[in-house]
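**Student:** Take a look at the following structure, please.
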Amino acid sequence: MAGAGGGANDVQWCFSQVKGAIDDDVAEADIISTVEFNHSGELLATGDKGGRVVIFQQDTENKSLPQCRSEYNVYSTFQSHEPEFDYLKSLEIEEKINKIRWLPQKNAAQFLLSTNDKTIKLWKISERDKRPEGYNLKEEDGRCRDSTTITTLRVPVFRPMDLMVEASPRRVFANAHTYHINSISVNSDNETYLSADDLRVNLWHLEITDRSFNIVDIKPANMEELTEVITAAEFHPHQCNTFVYSSSKGTIRMCDMRASALCDKHSKLFEEPEDPSNRSFFSEIISSISDVKFSHSGRYMMTRDYLSVKIWDLNMENRPVETYQVHEYLRSKLCSLYENDCIFDKFECCWNGNDSVVMTGSYNNFFRMLERTQRRDITLEASRESSKARQVLKPRRVCAGGKRKKDEISVDSLDFNKKILHTAWHPQENIIAVATTNNLYIFQEKVN
């Protein structure tokens with residue numbers, strides 16, 4: 001399963017690194033809530049429930065040697081959001097980072113957007129390895145010099161110093177969402193971005209913090225008539241006027257901002273008719289879409305619901321062109337998954353660099369890779385047991401019923417507390433990042 005090409009069984013995945021504490025006793029603040037590579041793949045950002053952003057940088061020294069593993073090391077760590085309290089509504093606002101999105105790099109600095117439930121921040125990540133020395137009006141320690149003692153003029157010079165990585169907040173976009181923000185997406189014009197909550201989608205300009213335009217509003221006049229909520233939204237990668245948003249009813253609406261200022265009438269509605277034979281009490285819950293992602297080419301769109309991944313051709317609205325079952329063996333367990341609230345887990349999904357493979361998470365720290373051209377799939381596991389350097393990951397199989405084979409795992413022995421909700425794929429290479437509770441696993445293609 002390649003970033004540059006190749007099929008599901010052509011690539012052997014091996015362990016590269018694991019980040020995070022090994023303790024069984026996990027602090028709530030350390031639970032990873034989002035993972036995102038930047039556009040070159042050189043930087044990898046994670047956000048956690050404690051409001052922190054940790055950025056890892058790819059080690060470029062060994063990149064030219066194909067047999068050497070390119071490791072990711074901590075580049076910068078900063079507190080992005082703090083817990084707040086809304087006194088008007090008597091509500092606590094969590095510091096948890098819901099999403100991180102990188103902006104395309106334009107100069108030496110990097111920029112990223114991070115959001116919690118209510119406030120979006122634009123951060124600048126910059127390096128400093130020189131400092132000015134030789135001021136005329138102040139000493140090196142910052143004290144002012146007595147102007148009567150200055151007899152000569154000095155020309156300040158830059159001297160080398162140890163590399164410092166600074167994260168500074170450049171913009172704060174607040175007070176625009178009544179409900180919890182679930183998505184942010186940067187537009188291809190690199191000037192605007194959208195943010196979505198349960199009932200509204202807002203359009204922002206990156207330079208303007210005090211106002212945004214409401215482009216979707218599905219809030220009914222009477223809240224008792226509310227039948228669905230917005231679950232995710234994303235801009236098209238190439239058409240700056242097009243975006244989609246998904247709903248808890250399993251539909252995806254595509255909107256064109258050229259049509260009207262308020263996109264309350266969609267241009268396309270992607271919806272698959274429900275199979276009446278599969279209708280149950282849980283049908284509406286499991287059809288809710290937890291993530292939507294455009295392919296890099298912009299031709300396809302991937303959606304993730306509780307049990308499956310669907311690939312839609314943007315030119316065909318009535319049904320997906322591909323459907324992959326992620327963990328169909330859980331269909332018989334929906335009752336217990338409803339009781340322990342796992343049925344409401346929001347799994348994300350991602351594309352590889354050339355859109356030939358998609359990846360998404362599951363329970364028991366399993367994650368699935370689905371190869372599109374030959375419709376092959378593989379289940380792998382992120383665990384400490386297989387975390388020796390360059391150790392090849394063995395495919396895992398789950399036995400849904402009947403006689404269990406030697407290498408299979410019984411569906412009854414799956415650990416539903418261990419789940420992979422957040423995954424990311426390097427945009428150019430076969431390197432993947434997988435978040436398991438408070439650990440970040442990095443796997444890569446085995447190089448012979």
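Chain identifiers are assigned as A, B, and so on, following the order in which chains appear in the structure tokens; residues are numbered from 1 within each chain, and ligands are numbered from 1 in order of appearance.
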Report as a PyMOL selection string all protein, DNA and RNA residues lying within 6 Å of range 296-313 of chain A, evaluated on only C-alpha atoms, omitting residues in the same chain fewer than 5 positions from it.
**Tutor:** chain A and resi 237+286-291+320-327
**Student:** May I have the selected residues written with N, CA, C and O atoms, as a compact mmCIF listing (two decimals), in the first residue's frame?
**Tutor:**
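Contents of out-v2.txt, freshly written:
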```txt
# COMPACT_ATOMS: atom_id res chain seq x y z
N PRO A 237 -10.24 20.32 -2.41
CA PRO A 237 -8.80 20.65 -2.44
C PRO A 237 -8.39 21.60 -3.56
O PRO A 237 -7.32 22.21 -3.49
N ILE A 286 -25.69 4.26 13.69
CA ILE A 286 -24.50 3.76 12.98
C ILE A 286 -24.37 4.35 11.58
O ILE A 286 -23.31 4.26 10.97
N SER A 287 -25.43 4.99 11.07
CA SER A 287 -25.31 5.63 9.75
C SER A 287 -24.76 7.05 9.86
O SER A 287 -24.41 7.67 8.84
N SER A 288 -24.66 7.59 11.08
CA SER A 288 -24.11 8.93 11.27
C SER A 288 -22.67 8.98 10.79
O SER A 288 -21.85 8.12 11.12
N ILE A 289 -22.35 9.98 9.98
CA ILE A 289 -20.99 10.09 9.40
C ILE A 289 -20.07 10.80 10.38
O ILE A 289 -20.38 11.89 10.86
N SER A 290 -18.95 10.16 10.70
CA SER A 290 -18.03 10.75 11.67
C SER A 290 -16.89 11.52 11.01
O SER A 290 -16.24 12.34 11.65
N ASP A 291 -16.64 11.27 9.72
CA ASP A 291 -15.54 11.99 9.04
C ASP A 291 -15.81 12.01 7.54
O ASP A 291 -16.38 11.07 6.98
N PRO A 320 -22.48 5.18 -3.28
CA PRO A 320 -21.01 5.22 -3.34
C PRO A 320 -20.48 4.26 -4.39
O PRO A 320 -21.12 3.25 -4.70
N VAL A 321 -19.30 4.56 -4.93
CA VAL A 321 -18.70 3.66 -5.92
C VAL A 321 -17.98 2.51 -5.24
O VAL A 321 -17.77 1.45 -5.84
N GLU A 322 -17.60 2.70 -3.98
CA GLU A 322 -16.93 1.63 -3.23
C GLU A 322 -17.43 1.67 -1.78
O GLU A 322 -17.59 2.75 -1.21
N THR A 323 -17.65 0.50 -1.22
CA THR A 323 -18.01 0.39 0.20
C THR A 323 -17.13 -0.69 0.84
O THR A 323 -17.01 -1.79 0.31
N TYR A 324 -16.50 -0.33 1.95
CA TYR A 324 -15.63 -1.27 2.66
C TYR A 324 -16.14 -1.45 4.08
O TYR A 324 -16.36 -0.45 4.78
N GLN A 325 -16.34 -2.69 4.48
CA GLN A 325 -16.74 -2.97 5.86
C GLN A 325 -15.49 -2.91 6.75
O GLN A 325 -14.50 -3.58 6.46
N VAL A 326 -15.54 -2.11 7.78
CA VAL A 326 -14.36 -1.94 8.65
C VAL A 326 -14.36 -3.01 9.74
O VAL A 326 -13.37 -3.69 9.97
N HIS A 327 -15.48 -3.14 10.43
CA HIS A 327 -15.61 -4.20 11.45
C HIS A 327 -17.06 -4.68 11.49
O HIS A 327 -17.78 -4.45 12.45
```
**Student:** Using only C-alpha atoms, what table do you get, as a tab-separated table, when you list each residue of range 237-288 of chain A with an atom no more than 10 Å from range 205-226 of chain A, its nearest pair of atoms, and their distance in Å rounded to one decimal, rows by chain then rising number?
**Tutor:**
```
residue	atom	partner	partner_atom	distance
A:Tyr245	CA	A:Val216	CA	9.3
A:Cys255	CA	A:Val216	CA	9.1
A:Met257	CA	A:Ile215	CA	8.0
A:Ser260	CA	A:Ile215	CA	8.8
A:Ala261	CA	A:Ile215	CA	6.4
A:Leu262	CA	A:Ile215	CA	4.6
A:Cys263	CA	A:Val216	CA	5.4
A:Asp264	CA	A:Val216	CA	5.7
A:Lys265	CA	A:Val216	CA	9.0
A:His266	CA	A:Val216	CA	9.7
```
**Student:** Selected residues, N, CA and C atoms, written as an mmCIF file, in the first residue's frame, please.
**Tutor:**
```cif
data_model
loop_
_atom_site.group_PDB
_atom_site.id
_atom_site.type_symbol
_atom_site.label_atom_id
_atom_site.label_comp_id
_atom_site.auth_asym_id
_atom_site.auth_seq_id
_atom_site.Cartn_x
_atom_site.Cartn_y
_atom_site.Cartn_z
ATOM 1 N N TYR A 245 -20.537 19.159 3.635
ATOM 2 C CA TYR A 245 -20.725 18.866 5.058
ATOM 3 C C TYR A 245 -21.587 17.620 5.201
ATOM 4 N N CYS A 255 -21.988 22.077 -1.438
ATOM 5 C CA CYS A 255 -22.490 23.438 -1.643
ATOM 6 C C CYS A 255 -21.524 24.235 -2.507
ATOM 7 N N MET A 257 -20.446 28.090 -3.162
ATOM 8 C CA MET A 257 -20.567 29.434 -2.592
ATOM 9 C C MET A 257 -20.830 30.506 -3.643
ATOM 10 N N SER A 260 -25.076 31.376 -3.735
ATOM 11 C CA SER A 260 -25.696 32.357 -2.833
ATOM 12 C C SER A 260 -24.820 32.525 -1.603
ATOM 13 N N ALA A 261 -25.045 33.617 -0.887
ATOM 14 C CA ALA A 261 -24.234 33.898 0.300
ATOM 15 C C ALA A 261 -24.508 32.874 1.398
ATOM 16 N N LEU A 262 -25.782 32.505 1.573
ATOM 17 C CA LEU A 262 -26.132 31.461 2.533
ATOM 18 C C LEU A 262 -26.413 30.186 1.752
ATOM 19 N N CYS A 263 -25.577 29.174 1.965
ATOM 20 C CA CYS A 263 -25.693 27.938 1.175
ATOM 21 C C CYS A 263 -26.715 26.989 1.804
ATOM 22 N N ASP A 264 -27.938 27.476 1.979
ATOM 23 C CA ASP A 264 -28.954 26.616 2.592
ATOM 24 C C ASP A 264 -29.577 25.672 1.569
ATOM 25 N N LYS A 265 -29.286 25.913 0.286
ATOM 26 C CA LYS A 265 -29.700 24.966 -0.752
ATOM 27 C C LYS A 265 -28.433 24.336 -1.326
ATOM 28 N N HIS A 266 -28.316 23.024 -1.165
ATOM 29 C CA HIS A 266 -27.117 22.319 -1.624
ATOM 30 C C HIS A 266 -27.162 22.162 -3.146
#
```
**Student:** Excluding range 380-382 of chain A and its own-chain neighbours fewer than 6 positions away, which residues fall within 8 Å of it when counting only C-alpha atoms? Please give them as an MDAnalysis selection string.
**Tutor:** chainID A and resid 364:368 393:396 434 436 441
**Student:** Output the selection as a compact mmCIF listing (two decimals), in the first residue's frame - N, CA and C atoms for each residue.
**Tutor:**
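Listed below is the output, result25.txt:
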```
# COMPACT_ATOMS: atom_id res chain seq x y z
N ASN A 364 -9.56 -2.53 19.80
CA ASN A 364 -8.44 -3.42 20.16
C ASN A 364 -7.12 -2.90 19.61
N ASN A 365 -7.06 -1.56 19.36
CA ASN A 365 -5.88 -0.92 18.74
C ASN A 365 -5.58 -1.48 17.35
N PHE A 366 -6.64 -1.93 16.65
CA PHE A 366 -6.51 -2.36 15.26
C PHE A 366 -6.72 -1.15 14.35
N PHE A 367 -6.05 -1.18 13.19
CA PHE A 367 -6.38 -0.21 12.15
C PHE A 367 -6.39 -0.94 10.81
N ARG A 368 -7.22 -0.43 9.91
CA ARG A 368 -7.49 -1.12 8.65
C ARG A 368 -6.95 -0.32 7.47
N LEU A 393 4.91 -5.80 10.93
CA LEU A 393 3.59 -6.01 11.53
C LEU A 393 2.91 -7.21 10.88
N LYS A 394 2.37 -8.08 11.72
CA LYS A 394 1.64 -9.24 11.19
C LYS A 394 0.17 -8.87 11.01
N PRO A 395 -0.43 -9.31 9.92
CA PRO A 395 -1.86 -9.07 9.74
C PRO A 395 -2.66 -9.75 10.85
N ARG A 396 -3.70 -9.10 11.31
CA ARG A 396 -4.57 -9.66 12.35
C ARG A 396 -5.93 -10.00 11.76
N VAL A 434 -0.42 6.77 13.96
CA VAL A 434 -1.63 6.17 14.51
C VAL A 434 -1.68 6.50 16.00
N THR A 436 -3.11 5.88 19.70
CA THR A 436 -3.81 4.93 20.57
C THR A 436 -3.87 5.57 21.96
N TYR A 441 1.94 6.02 17.55
CA TYR A 441 2.77 5.03 16.86
C TYR A 441 3.07 5.53 15.46
```
**Student:** Have a look at CA of Ser277 in chain A and CA of Tyr363 in chain A and let me know their distance in Å, one decimal.
**Tutor:**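 These two atoms are separated by 26.1 Å.
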**Student:** Using only C-alpha atoms, I'd like a table of the residues in range 45-142 of chain A that come within 9 Å of range 178-182 of chain A; for each, show the closest atom pair and its distance in Å rounded to one decimal, ordered by chain and ascending number, as a Markdown table.
**Tutor:**
```
| residue | atom | partner | partner_atom | distance |
| --- | --- | --- | --- | --- |
| A:Asn98 | CA | A:Asn182 | CA | 6.6 |
| A:Lys99 | CA | A:Asn182 | CA | 7.5 |
| A:Thr115 | CA | A:Ile181 | CA | 7.6 |
| A:Asn116 | CA | A:Ile181 | CA | 6.9 |
| A:Asp117 | CA | A:His180 | CA | 4.5 |
| A:Lys118 | CA | A:Ile181 | CA | 6.1 |
| A:Thr119 | CA | A:Ile181 | CA | 8.3 |
| A:Ile120 | CA | A:Ile181 | CA | 9.0 |
```
**Student:** In range 155-320 of chain A, what's strand (DSSP E or B) per DSSP? Answer as a ChimeraX atom specification?
**Tutor:** /A:157-173,183-186,192-196,200-205,213-217,230-235,242-247,252-256,268-270,291-294,300-304,308-313
**Student:** For Tyr338 in chain A, list every protein, DNA or RNA residue within 12 Å, evaluated using only C-alpha atoms, and leave out those in the same chain fewer than 6 positions away; present the list as number ranges by chain.
**Tutor:** A: 281-283, 285-286, 306, 330-332, 344-345, 416
**Student:** Can you tell me how far CA of Asn202 in chain A sits from CA of Ile100 in chain A, in Å to one decimal?
**Tutor:**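 Pair CA of Asn202 in chain A / CA of Ile100 in chain A returns 16.8 Å.
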**Student:** From the list A:Asp86, A:Asp197, A:Asp162, A:Ser410, which residue is nearest His177 in chain A when using only C-alpha atoms?
**Tutor:**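 Of A:Asp86, A:Asp197, A:Asp162, A:Ser410, the one nearest His177 in chain A, counting only C-alpha atoms, is A:Asp197.
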**Student:** List the spatial neighbours of Leu112 in chain A as a VMD selection string - criterion: any atom at most 6 Å away, only C-alpha atoms, same-chain residues fewer than 3 positions off excluded.
**Tutor:** chain A and resid 101 to 103 122 to 123
**Student:** Env of His39 in chain A: 8 Å cut, atoms = only C-alpha atoms, seq-sep filter 2 positions within chain, self excluded. Answer as a list of chain:residue names.
**Tutor:**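 Residues near the query, excluding close chain neighbours: A:Phe37, A:Gly41, A:Glu42, A:Trp102, A:Leu103, A:Pro104, A:Gln105, A:Pro427.
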**Student:** With N, CA, C and O atoms retained, export the selected residues as a PDB file, in the first residue's frame.
**Tutor:**
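Okay, this is what ended up in out.pdb:
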```
ATOM      1  N   PHE A  37      -0.285  15.496   9.567  1.00  0.00           N
ATOM      2  CA  PHE A  37       0.970  15.825   8.874  1.00  0.00           C
ATOM      3  C   PHE A  37       0.821  17.187   8.187  1.00  0.00           C
ATOM      4  O   PHE A  37      -0.287  17.550   7.770  1.00  0.00           O
ATOM      5  N   GLY A  41       5.003  16.719   4.840  1.00  0.00           N
ATOM      6  CA  GLY A  41       5.215  15.518   5.645  1.00  0.00           C
ATOM      7  C   GLY A  41       6.401  15.627   6.585  1.00  0.00           C
ATOM      8  O   GLY A  41       6.676  14.718   7.365  1.00  0.00           O
ATOM      9  N   GLU A  42       7.109  16.753   6.526  1.00  0.00           N
ATOM     10  CA  GLU A  42       8.294  16.920   7.383  1.00  0.00           C
ATOM     11  C   GLU A  42       7.891  17.108   8.849  1.00  0.00           C
ATOM     12  O   GLU A  42       8.620  16.740   9.761  1.00  0.00           O
ATOM     13  N   TRP A 102      -2.829  22.394   9.045  1.00  0.00           N
ATOM     14  CA  TRP A 102      -1.650  23.165   8.624  1.00  0.00           C
ATOM     15  C   TRP A 102      -2.009  24.062   7.451  1.00  0.00           C
ATOM     16  O   TRP A 102      -2.807  23.687   6.588  1.00  0.00           O
ATOM     17  N   LEU A 103      -1.378  25.228   7.396  1.00  0.00           N
ATOM     18  CA  LEU A 103      -1.481  26.084   6.219  1.00  0.00           C
ATOM     19  C   LEU A 103      -0.294  25.795   5.310  1.00  0.00           C
ATOM     20  O   LEU A 103       0.789  25.456   5.802  1.00  0.00           O
ATOM     21  N   PRO A 104      -0.461  25.893   3.979  1.00  0.00           N
ATOM     22  CA  PRO A 104       0.689  25.696   3.087  1.00  0.00           C
ATOM     23  C   PRO A 104       1.803  26.685   3.436  1.00  0.00           C
ATOM     24  O   PRO A 104       1.534  27.849   3.739  1.00  0.00           O
ATOM     25  N   GLN A 105       3.039  26.195   3.397  1.00  0.00           N
ATOM     26  CA  GLN A 105       4.171  27.036   3.801  1.00  0.00           C
ATOM     27  C   GLN A 105       4.472  28.082   2.734  1.00  0.00           C
ATOM     28  O   GLN A 105       4.550  27.773   1.543  1.00  0.00           O
ATOM     29  N   PRO A 427       2.042  12.641   3.203  1.00  0.00           N
ATOM     30  CA  PRO A 427       1.533  12.959   1.855  1.00  0.00           C
ATOM     31  C   PRO A 427       2.367  12.414   0.706  1.00  0.00           C
ATOM     32  O   PRO A 427       1.859  12.279  -0.408  1.00  0.00           O
TER      33      PRO A 427
END
```
**Student:** DSSP on the backbone, helix (DSSP H, G or I) only: what residues of range 47-262 of chain A does that give? Format it as a list in words.
**Tutor:**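 So, restricting range 47-262 of chain A to helix (DSSP H, G or I), we get Ser147, Thr148, Thr149, Met223, Glu224 and Glu225 of chain A.
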**Student:** Mind writing the picked residues with N, CA and C atoms as a compact mmCIF listing (two decimals), in the first residue's frame?
**Tutor:**
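So part.txt came out as:
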```txt
# COMPACT_ATOMS: atom_id res chain seq x y z
N SER A 147 23.22 57.53 28.63
CA SER A 147 23.53 58.15 27.34
C SER A 147 24.75 59.08 27.42
N THR A 148 25.07 59.55 28.63
CA THR A 148 26.24 60.46 28.76
C THR A 148 27.54 59.71 28.61
N THR A 149 27.51 58.36 28.82
CA THR A 149 28.75 57.57 28.73
C THR A 149 29.00 57.06 27.31
N MET A 223 -36.49 24.23 18.17
CA MET A 223 -35.45 23.21 18.36
C MET A 223 -36.03 21.80 18.53
N GLU A 224 -37.31 21.72 18.87
CA GLU A 224 -37.93 20.39 18.99
C GLU A 224 -38.08 19.72 17.62
N GLU A 225 -37.97 20.52 16.56
CA GLU A 225 -38.07 19.96 15.21
C GLU A 225 -36.71 19.52 14.65
```
**Student:** One decimal, in Å: what's the spacing between CA of Glu385 in chain A and CA of Ile22 in chain A?
**Tutor:**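 Rounded to one decimal, the two atoms are 11.9 Å apart.
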**Student:** Let me make sure I understand: among A:Ala108, A:Leu91, A:Val11, A:Leu153, which one has the smallest atom-to-atom distance to Ser126 in chain A if we use only C-alpha atoms?
**Tutor:**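 Closest candidate: A:Ala108.
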**Student:** Write out as a VMD selection string which residues come within 6 Å of His422 in chain A when counting only C-alpha atoms, dropping same-chain ones fewer than 2 positions away.
**Tutor:** chain A and resid 34 348 420 435
**Student:** Which one of A:Ser40, A:Asn352, A:Ser168, A:Gln444 sits closest to Phe294 in chain A if you count only C-alpha atoms?
**Tutor:**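 Among the listed residues, A:Asn352 lies closest to Phe294 in chain A.
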